[in-house]
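Below is one structure, written out as structure tokens; the observations come after it.
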Amino acid sequence: MGPRTKLVLHRTLQAIPALVGVVVVSFILTRMLPGDPAAYFAGPAATEASIAEIRDAMGLNDPLPIQFLNYVRDLLGGDLGNSLSTGQPVVEELARRLPASLELTLTALILSCVIALPLGVAAAVHQGRWIDHACRSLVTAGVSLPTFFTGIVLVYVFYYLLGWAPSPLGRLDFVYLSPPEVTGFYVIDALLIGDVETAMGAVRQLILPASTLALFTLAPLARMARAAMLQALSSDYIRTARAAGLGEGQVVFGYAFQNAMLPVITTLGMVFSFMLGANVLVEKVFSWPGIGSYAVEALVVSDYAAVQGFVLAMAILFVLLNLTIDIIYTLVDPRTREG
Amino acid sequence: MTPGTQTMFLDVQDLSVTFSTRRGIVNAVRGVTFSLAKGETLGIVGESGSGKSVSSYAVMRILERSGRIAGGQITFDGIDLSSLTNREMRELRGREISMVFQNPRAALNPIRKVGHQIEDVLRRHARATRSTAKAQAIDALKAVRIEDPEKRYNAYPFELSGGMCQRVVIAIALACDPRLLIADEPTTGLDVTTQKVVMELLADLTKSRGMSSILITHDLGLAAEYCDRIVVMKDGQVVEAGDPKALFADPQDPYTRRLIRSTPRPGAQIGDLVEPPVPSPTRPVLGAPLLEVRSLRKVFGHGAEQSVAVDDISFDIREGETLGLVGESGCGKSTTSSMIMRLLDPTSGEILMDGRTMTDVPAAKFARDPRRGSLQMVFQDATDSINPRFTARQAISDPIRRLTDEKPAGRVEELAAQVGLPEALLDRFPHQLSGGQKARVGIARALASRPRLLILDEPTAALDVSIQAIVLNLLAELRADLGVSYLFVSHDLHVVRLLCDRVIVMRKGRVVEEGATESIMRAPTDPYTRSLLDATPIPPAALEPQGIGPERHSQATV
């Protein structure tokens, strides 16, 4: 086993305590939610006695440690319980909605990287010139506009006024059939069966919500890319590279950019987690059937199996994300491979 | 200029460089003229801010963004460099003119294998193809005498020592056989023995390849030893130029004279360093043993990764005595001073003050110990060791409030007067003070709790020689006035000789030699001490012609 594999394995093992923590916290958090699920489940016509009976049947009268053990046992069996409001198993609903959220988030992330990184690099290389000022304006706009507002403005302009975008109602216009599920990402699934038209339909639906999210995440990424590039460009090894006559392209991209990527990768991880949070609002505006809107609906009705499932899914996603960032970092920066 | 100008290899005429800053245009280099013949080594000496580095960056046209060549002409081998396009200039850099920098570890790309960094240059100048690059990079590493070059090829800079990194930087600079090498403080921050090795390597390589070179340095001894001709710069101007022997023996410019005067050198007394010379302060009468270090040992790490930083050392410091602690990086001198300062707990052994053990109180709790105030430290970097949000007054009064029962009012002014810091400066922040003033603040702060032992950790290493001379005199005066003992940690043997009564030489955690300063300097018994002395360049001594010579131990080279 090479030292890199060993390190990756080591980092992966370090994620396990975090996952255990996630399970405990998700359990405690949902038990602290206000509202009585038994009362909700029993319906408006229920009596005290029937509520008590339901509470008993749901195991809500057991001592907390017992409830926790039951919860862990169910969890290991892949059972997150049934949603109170829809009656569906939470696992199934999450499995259906998570890809929708991920498709949106990842598209937005890629979009924002594709714009933010070159912009930040260009702003640093041409510090004080027009591109730097353009970068600053975009960054300021990006942080100062709340996502639901940009979302609504985009819908108003591109759907209502210009009519370029399709109606902001979900992942696919009703004229298309959703493609058979492979990855859960509509664009990819449609392309897999060679259905370009459906793929294009899915892309059209994605553009506005993804742009909304991307605009929001552009700011931290571009800003960090610019700052990291400026720092890298003023460092001693760049002076050495220039003194050795290396071309401007190699100096900027080979030497400075590679070093500037390190803080950018860290920011990328943070930005991704912001996005998962910001998702909730964007999903609402665009009627996107993701887990964000699912969680909001569940919270409103104290549907705590669903909330618990959501919290758990998100937390696991965060842990995995951090793990990925950590591993990428380790692979890029040789200095972190020590010890 | 001299009539030979036409044939000069590098000819810089009336060069001016300006920087645009927030406070307006700064003229960093003003009408500098120097030239260099083929195969010659030119030394550019001067203190910080003299424009010596900026001039060479201007030759290379690698000034930072805010810098601009405002005037003058630079001719290299008959080519007017200012007429070249950026592209042509890039072709020239690395192939015709190369540069070696200060702080070699930072000068290398931290996340790229050193072998690849050499390949980048080789391939850039079409000296190698994809298939031959690796072999040629290894050859370049061999040329700078790196052992096991095949293995080092795959190393990252952080895995190499400072001296090793500098060899890699030299390998990069020389990979394409340039005809001119500019070395900008190539050995500043390296140990003396490493400095010696690196300088010899540079001298050998430039000579054997028939290259011309420019050595930019603040170290007169180094310049005198390695250069054929010297240019002295001050405030962006050349004040004097000529043959090093003649120039140092009979300096014409008052600045050159002052520079030579303030450089610590064998035979000089501490008072000789300042202009005008003052009688050296008297040394305090030595009293009873103040600090006793007994079989001190510090081990870091566990199991297989264990490393012994300090290995069974013992010594005493008497009241009023100054003990020098000398050694190269990694020898354990910082660990030792941290343990005496009670910032680190020793693994075993004992430290006693006035015959009473101090090591019974763990380091973590020592801050509240009543004896804490009798130990103080002055740090190497006067800038980084002062809280940037504290004024000088706050910095000095902080230990008064924390460690003594005295009132800061009045005491701060008294301390400022003691260290020669004008009262008007007390309300300034560190960034508004000069290097020498910050050093004074650092010393005043250390004296605030009326310590009996001051640990001076390379207190002048970051200062220019003229300021170092003043600070050293200040330390000697304070010692005479207050009777305080010093533990003076340093790598500069000339400075140690000026200030210390006794010296301890450390290597790999052990004391290899201990004794009276003069006898160790004159007749070292340990081969390591001898190699340290041999590696230390001897600065020129213009005003005391009898001072040079008998100190040199070249006959005892190891």
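Residue numbering restarts at 1 in every chain; chains get A, B, ... in the order shown in the structure tokens, and ligands count up from 1 in that same order.
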Hey, which bits of chain A sit within 12 Å of chain B, and for each residue what's the closest pair of atoms and how far apart in Å (one decimal), counting only C-alpha atoms, rows by chain and increasing number, as JSON lines?
{"residue": "A:Ala124", "atom": "CA", "partner": "B:Arg65", "partner_atom": "CA", "distance": 11.8}
{"residue": "A:Val125", "atom": "CA", "partner": "B:Arg65", "partner_atom": "CA", "distance": 10.4}
{"residue": "A:His126", "atom": "CA", "partner": "B:Arg65", "partner_atom": "CA", "distance": 10.2}
{"residue": "A:Gln127", "atom": "CA", "partner": "B:Arg65", "partner_atom": "CA", "distance": 9.4}
{"residue": "A:Gly128", "atom": "CA", "partner": "B:Arg65", "partner_atom": "CA", "distance": 10.9}
{"residue": "A:Leu230", "atom": "CA", "partner": "B:Arg65", "partner_atom": "CA", "distance": 11.5}
{"residue": "A:Ala232", "atom": "CA", "partner": "B:Asn109", "partner_atom": "CA", "distance": 9.9}
{"residue": "A:Leu233", "atom": "CA", "partner": "B:Glu64", "partner_atom": "CA", "distance": 9.9}
{"residue": "A:Ser234", "atom": "CA", "partner": "B:Glu64", "partner_atom": "CA", "distance": 8.0}
{"residue": "A:Ser235", "atom": "CA", "partner": "B:Ala106", "partner_atom": "CA", "distance": 7.7}
{"residue": "A:Asp236", "atom": "CA", "partner": "B:Ala107", "partner_atom": "CA", "distance": 4.7}
{"residue": "A:Tyr237", "atom": "CA", "partner": "B:Ala107", "partner_atom": "CA", "distance": 4.1}
{"residue": "A:Ile238", "atom": "CA", "partner": "B:Ala107", "partner_atom": "CA", "distance": 7.6}
{"residue": "A:Arg239", "atom": "CA", "partner": "B:Ile62", "partner_atom": "CA", "distance": 7.3}
{"residue": "A:Thr240", "atom": "CA", "partner": "B:Ala107", "partner_atom": "CA", "distance": 5.9}
{"residue": "A:Ala241", "atom": "CA", "partner": "B:Val121", "partner_atom": "CA", "distance": 8.2}
{"residue": "A:Arg242", "atom": "CA", "partner": "B:Ile62", "partner_atom": "CA", "distance": 7.0}
{"residue": "A:Ala243", "atom": "CA", "partner": "B:Arg93", "partner_atom": "CA", "distance": 5.7}
{"residue": "A:Ala244", "atom": "CA", "partner": "B:Gly94", "partner_atom": "CA", "distance": 3.9}
{"residue": "A:Gly245", "atom": "CA", "partner": "B:Arg93", "partner_atom": "CA", "distance": 4.4}
{"residue": "A:Leu246", "atom": "CA", "partner": "B:Arg124", "partner_atom": "CA", "distance": 6.2}
{"residue": "A:Gly247", "atom": "CA", "partner": "B:Arg90", "partner_atom": "CA", "distance": 7.0}
{"residue": "A:Glu248", "atom": "CA", "partner": "B:Arg90", "partner_atom": "CA", "distance": 8.9}
{"residue": "A:Gly249", "atom": "CA", "partner": "B:Arg124", "partner_atom": "CA", "distance": 11.5}
{"residue": "A:Gln250", "atom": "CA", "partner": "B:Asp120", "partner_atom": "CA", "distance": 8.9}
{"residue": "A:Val251", "atom": "CA", "partner": "B:Asp120", "partner_atom": "CA", "distance": 10.4}
{"residue": "A:Gly254", "atom": "CA", "partner": "B:Arg112", "partner_atom": "CA", "distance": 9.6}
{"residue": "A:Tyr255", "atom": "CA", "partner": "B:Asn109", "partner_atom": "CA", "distance": 6.8}
{"residue": "A:Ala256", "atom": "CA", "partner": "B:Asn109", "partner_atom": "CA", "distance": 8.7}
{"residue": "A:Phe257", "atom": "CA", "partner": "B:Ile111", "partner_atom": "CA", "distance": 11.2}
{"residue": "A:Gln258", "atom": "CA", "partner": "B:Ile111", "partner_atom": "CA", "distance": 8.0}
{"residue": "A:Asn259", "atom": "CA", "partner": "B:Ile111", "partner_atom": "CA", "distance": 7.1}
{"residue": "A:Ala260", "atom": "CA", "partner": "B:Ile111", "partner_atom": "CA", "distance": 10.8}
{"residue": "A:Met261", "atom": "CA", "partner": "B:Ile111", "partner_atom": "CA", "distance": 11.0}
{"residue": "A:Leu262", "atom": "CA", "partner": "B:Ile111", "partner_atom": "CA", "distance": 10.1}
{"residue": "A:Tyr329", "atom": "CA", "partner": "B:Ile111", "partner_atom": "CA", "distance": 11.4}
{"residue": "A:Thr330", "atom": "CA", "partner": "B:Ile111", "partner_atom": "CA", "distance": 11.1}
{"residue": "A:Leu331", "atom": "CA", "partner": "B:Ile111", "partner_atom": "CA", "distance": 10.4}
{"residue": "A:Val332", "atom": "CA", "partner": "B:Ile111", "partner_atom": "CA", "distance": 7.6}
{"residue": "A:Asp333", "atom": "CA", "partner": "B:Ile111", "partner_atom": "CA", "distance": 5.9}
{"residue": "A:Pro334", "atom": "CA", "partner": "B:Ile111", "partner_atom": "CA", "distance": 6.1}
{"residue": "A:Arg335", "atom": "CA", "partner": "B:Phe158", "partner_atom": "CA", "distance": 7.1}
{"residue": "A:Thr336", "atom": "CA", "partner": "B:Ile111", "partner_atom": "CA", "distance": 10.3}
{"residue": "A:Arg337", "atom": "CA", "partner": "B:Tyr156", "partner_atom": "CA", "distance": 11.3}
{"residue": "A:Glu338", "atom": "CA", "partner": "B:Glu159", "partner_atom": "CA", "distance": 9.7}
{"residue": "A:Gly339", "atom": "CA", "partner": "B:Glu305", "partner_atom": "CA", "distance": 10.7}
Q) Excluding same-chain residues fewer than 5 positions from Val301 (chain A), what lies within 12 Å of it counting only C-alpha atoms, as a VMD selection string? A) chain A and resid 33 to 41 83 to 86 294 to 296 306 to 307
Selection file, C-alpha atoms, as a PDB file, in the first residue's frame:
ATOM      1  CA  LEU A  33     -38.613  19.722  18.208  1.00  0.00           C
ATOM      2  CA  PRO A  34     -41.813  21.292  19.494  1.00  0.00           C
ATOM      3  CA  GLY A  35     -45.130  19.667  18.640  1.00  0.00           C
ATOM      4  CA  ASP A  36     -46.439  16.211  19.332  1.00  0.00           C
ATOM      5  CA  PRO A  37     -46.242  13.843  16.362  1.00  0.00           C
ATOM      6  CA  ALA A  38     -48.726  11.489  18.005  1.00  0.00           C
ATOM      7  CA  ALA A  39     -51.323  14.248  18.143  1.00  0.00           C
ATOM      8  CA  TYR A  40     -50.735  15.060  14.496  1.00  0.00           C
ATOM      9  CA  PHE A  41     -50.912  11.428  13.486  1.00  0.00           C
ATOM     10  CA  SER A  83     -43.316  10.348   6.771  1.00  0.00           C
ATOM     11  CA  LEU A  84     -46.351  11.400   8.786  1.00  0.00           C
ATOM     12  CA  SER A  85     -47.738  13.723   6.170  1.00  0.00           C
ATOM     13  CA  THR A  86     -47.293  11.583   3.047  1.00  0.00           C
ATOM     14  CA  TYR A 294     -39.190  18.420   1.463  1.00  0.00           C
ATOM     15  CA  ALA A 295     -37.511  19.389   4.710  1.00  0.00           C
ATOM     16  CA  VAL A 296     -39.323  22.728   4.949  1.00  0.00           C
ATOM     17  CA  ALA A 306     -38.786  13.184   7.701  1.00  0.00           C
ATOM     18  CA  VAL A 307     -36.842  15.947   9.441  1.00  0.00           C
TER      19      VAL A 307
END
Q: Name the residues of region 13-92 of chain B that fall into alpha helix (DSSP H) according to DSSP on the backbone, using the chain letters and numbers of this document, as a ChimeraX atom specification.
A: /B:52-60,86-92
Would you mind exporting the chosen residues as an mmCIF file, in the first residue's frame, restricted to C-alpha atoms?
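Result went into selection32.cif, see below:
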data_model
loop_
_atom_site.group_PDB
_atom_site.id
_atom_site.type_symbol
_atom_site.label_atom_id
_atom_site.label_comp_id
_atom_site.auth_asym_id
_atom_site.auth_seq_id
_atom_site.Cartn_x
_atom_site.Cartn_y
_atom_site.Cartn_z
ATOM 1 C CA LYS B 52 21.347 46.945 -3.985
ATOM 2 C CA SER B 53 18.745 44.252 -4.670
ATOM 3 C CA VAL B 54 16.471 46.565 -6.633
ATOM 4 C CA SER B 55 19.341 47.441 -8.995
ATOM 5 C CA SER B 56 19.840 43.792 -9.819
ATOM 6 C CA TYR B 57 16.113 43.198 -10.284
ATOM 7 C CA ALA B 58 16.180 46.104 -12.700
ATOM 8 C CA VAL B 59 18.981 44.417 -14.653
ATOM 9 C CA MET B 60 16.848 41.271 -14.839
ATOM 10 C CA ASN B 86 9.353 41.295 -22.712
ATOM 11 C CA ARG B 87 9.480 38.137 -24.787
ATOM 12 C CA GLU B 88 13.116 38.653 -25.743
ATOM 13 C CA MET B 89 13.951 39.440 -22.156
ATOM 14 C CA ARG B 90 12.340 36.181 -21.006
ATOM 15 C CA GLU B 91 14.520 34.311 -23.490
ATOM 16 C CA LEU B 92 17.558 35.930 -21.944
#
Q.
DSSP on the backbone, strand (DSSP E or B) only: what residues of region 313-557 of chain B does that give? Format it as number ranges by chain.
A. B: 313-318, 322-326, 348-353, 356-357, 375-378, 453-457, 485-490, 502-507, 510-516
For the residues in the current selection, export C-alpha atoms as a tab-separated table (two decimals), in the first residue's frame.
chain	number	residue	atom	x	y	z
B	313	ILE	CA	24.03	19.67	29.21
B	314	SER	CA	25.23	21.49	32.32
B	315	PHE	CA	26.51	25.00	32.84
B	316	ASP	CA	26.38	27.97	35.23
B	317	ILE	CA	25.85	31.67	34.78
B	318	ARG	CA	27.14	33.95	37.50
B	322	THR	CA	27.43	37.04	29.94
B	323	LEU	CA	27.43	33.53	28.59
B	324	GLY	CA	27.38	32.97	24.85
B	325	LEU	CA	25.46	30.00	23.50
B	326	VAL	CA	26.72	29.26	20.02
B	348	SER	CA	15.13	15.32	32.87
B	349	GLY	CA	17.66	17.47	34.67
B	350	GLU	CA	17.36	20.54	36.77
B	351	ILE	CA	17.54	24.31	36.48
B	352	LEU	CA	18.36	26.22	39.64
B	353	MET	CA	18.21	29.89	40.38
B	356	ARG	CA	16.86	26.81	44.44
B	357	THR	CA	15.33	24.56	41.84
B	375	LEU	CA	13.84	35.93	33.83
B	376	GLN	CA	13.18	37.82	30.63
B	377	MET	CA	13.83	37.37	26.97
B	378	VAL	CA	14.73	39.60	24.03
B	453	LEU	CA	18.85	37.13	33.78
B	454	LEU	CA	18.12	38.23	30.23
B	455	ILE	CA	18.03	35.64	27.51
B	456	LEU	CA	19.05	37.39	24.29
B	457	ASP	CA	18.01	35.25	21.35
B	485	SER	CA	23.38	38.51	33.58
B	486	TYR	CA	22.95	37.63	29.92
B	487	LEU	CA	22.54	34.36	28.12
B	488	PHE	CA	23.44	35.45	24.62
B	489	VAL	CA	22.26	33.02	21.95
B	490	SER	CA	23.90	33.66	18.60
B	502	ARG	CA	32.35	32.73	28.39
B	503	VAL	CA	31.09	30.65	25.49
B	504	ILE	CA	29.37	27.32	25.16
B	505	VAL	CA	29.47	25.67	21.75
B	506	MET	CA	26.59	23.27	21.09
B	507	ARG	CA	26.21	20.66	18.44
B	510	ARG	CA	25.49	18.43	23.27
B	511	VAL	CA	28.07	20.89	24.54
B	512	VAL	CA	31.21	20.30	22.51
B	513	GLU	CA	33.29	23.05	24.02
B	514	GLU	CA	33.07	25.49	26.87
B	515	GLY	CA	35.44	28.15	28.11
B	516	ALA	CA	36.50	31.76	28.24
(Q) Please compute the CA of Ala298 (chain A)-CA of Thr217 (chain A) distance, one decimal, in Å. (A)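 Distance between the two atoms: 26.7 Å.
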(Q) Counting only C-alpha atoms, which residue out of B:Asp492, B:Glu406, B:Glu40, B:Glu185 sits closest to Val198 (chain B)? (A) B:Glu185
